[in-house]
Structures are given as structure tokens and as C-alpha cells.
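K.L.:
Below you will find the structure I want to go over with you.
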Amino acid sequence: MKSETKDLSHSQSAIQEFFFTYIIHPLNEGFFGFGIFLAILTTLKFLSFLFGMSKSFNVDEKDLILSSVGFLCLFLIDILKKFEGHKN
């Protein structure tokens, strides 16, 4: 009976570790990349408005779509690093 409980807790621990390693952590990295990209785009748009290069300051859906590139880049980099680490 105890061995079954031990095996079950071990498998739950392995599932939790897999979930955190391959889903939660890469998603966190992706959202960080999204935020960095969006912050850079917003700052550059604001500076161009401040120095008179642009007549208005606005953030539209194109900026959000472009920021998703940052999400994808950091998400994929983190996933690929995890797979590279398991190759050895």
C-alpha cells in the first residue's frame, strides 16, 4: 500500500515538474519578451511624438502584434534550451 502511494506521489511530482519546466516557465519568459518589446515600441513612439517627428502618440493593434514577436522569440528560446539540456 505504501509503495503505491509513494509511486503516485512520485508520478505527480514528475508531472508537476514537467508542467512547470515546459509550460509555465516558457510562458513566463514569453510574456516577459512581449512586455519588453511593447515597452520599447511605446517608448520609441513617445519619443518620436515628444521630438515632433510624429503628430500623435497612440499604441494600436499593430504594436501588439509586433510585440508578439518578442513573446515567440523568448518562448521558443526557452523551450529549445530545455530540449538541448535533455539531449546530453
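Ordered as shown in the C-alpha cells, chains take letters A, B, and onward, while each chain numbers its residues from 1 and ligands are numbered from 1 in the order shown.
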May I have the residues within 12 Å of Val69 in chain A as a list in words, using only C-alpha atoms and disregarding those fewer than 2 positions away in the same chain?
P.N.:
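Final neighbour list, sorted by chain and number: Gly30, Phe31, Phe32, Gly33, Phe34, Gly35, Ile36, Phe37, Leu38, Lys62, Asp63, Leu64, Ile65, Leu66, Ser67, Phe71, Leu72, Cys73, Leu74, Phe75 and Leu76 of chain A.
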K.L.:
Could you write out the selected residues, including C-alpha atoms, as a PDB file, in the first residue's frame?
P.N.:
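New file again.pdb:
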ATOM      1  CA  GLY A  30       7.353  34.745 -23.440  1.00  0.00           C
ATOM      2  CA  PHE A  31       5.275  37.301 -21.548  1.00  0.00           C
ATOM      3  CA  PHE A  32       8.499  38.978 -20.433  1.00  0.00           C
ATOM      4  CA  GLY A  33       9.580  39.238 -24.078  1.00  0.00           C
ATOM      5  CA  PHE A  34       6.173  40.617 -25.037  1.00  0.00           C
ATOM      6  CA  GLY A  35       6.417  43.258 -22.315  1.00  0.00           C
ATOM      7  CA  ILE A  36       9.946  44.271 -23.273  1.00  0.00           C
ATOM      8  CA  PHE A  37       9.017  44.609 -26.953  1.00  0.00           C
ATOM      9  CA  LEU A  38       5.890  46.604 -26.118  1.00  0.00           C
ATOM     10  CA  LYS A  62      -0.127  46.605 -34.923  1.00  0.00           C
ATOM     11  CA  ASP A  63       2.133  47.303 -31.964  1.00  0.00           C
ATOM     12  CA  LEU A  64       0.575  44.436 -30.021  1.00  0.00           C
ATOM     13  CA  ILE A  65       1.017  42.098 -32.975  1.00  0.00           C
ATOM     14  CA  LEU A  66       4.630  43.185 -33.363  1.00  0.00           C
ATOM     15  CA  SER A  67       5.192  42.655 -29.637  1.00  0.00           C
ATOM     16  CA  PHE A  71       6.797  36.585 -26.949  1.00  0.00           C
ATOM     17  CA  LEU A  72       7.539  33.973 -29.598  1.00  0.00           C
ATOM     18  CA  CYS A  73      11.284  34.593 -29.550  1.00  0.00           C
ATOM     19  CA  LEU A  74      11.780  34.220 -25.810  1.00  0.00           C
ATOM     20  CA  PHE A  75       9.238  31.385 -25.551  1.00  0.00           C
ATOM     21  CA  LEU A  76      10.986  29.375 -28.271  1.00  0.00           C
TER      22      LEU A  76
END
K.L.:
For CA of Glu84 in chain A and CA of Phe19 in chain A, quote the distance in Å rounded to one decimal.
P.N.:
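Separation between CA of Glu84 in chain A and CA of Phe19 in chain A: 17.3 Å.
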K.L.:
Work out how far apart CA of Phe20 in chain A and CA of Ala39 in chain A are and give it in Å to one decimal.
P.N.:
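About the pair CA of Phe20 in chain A and CA of Ala39 in chain A: they are 26.6 Å apart.
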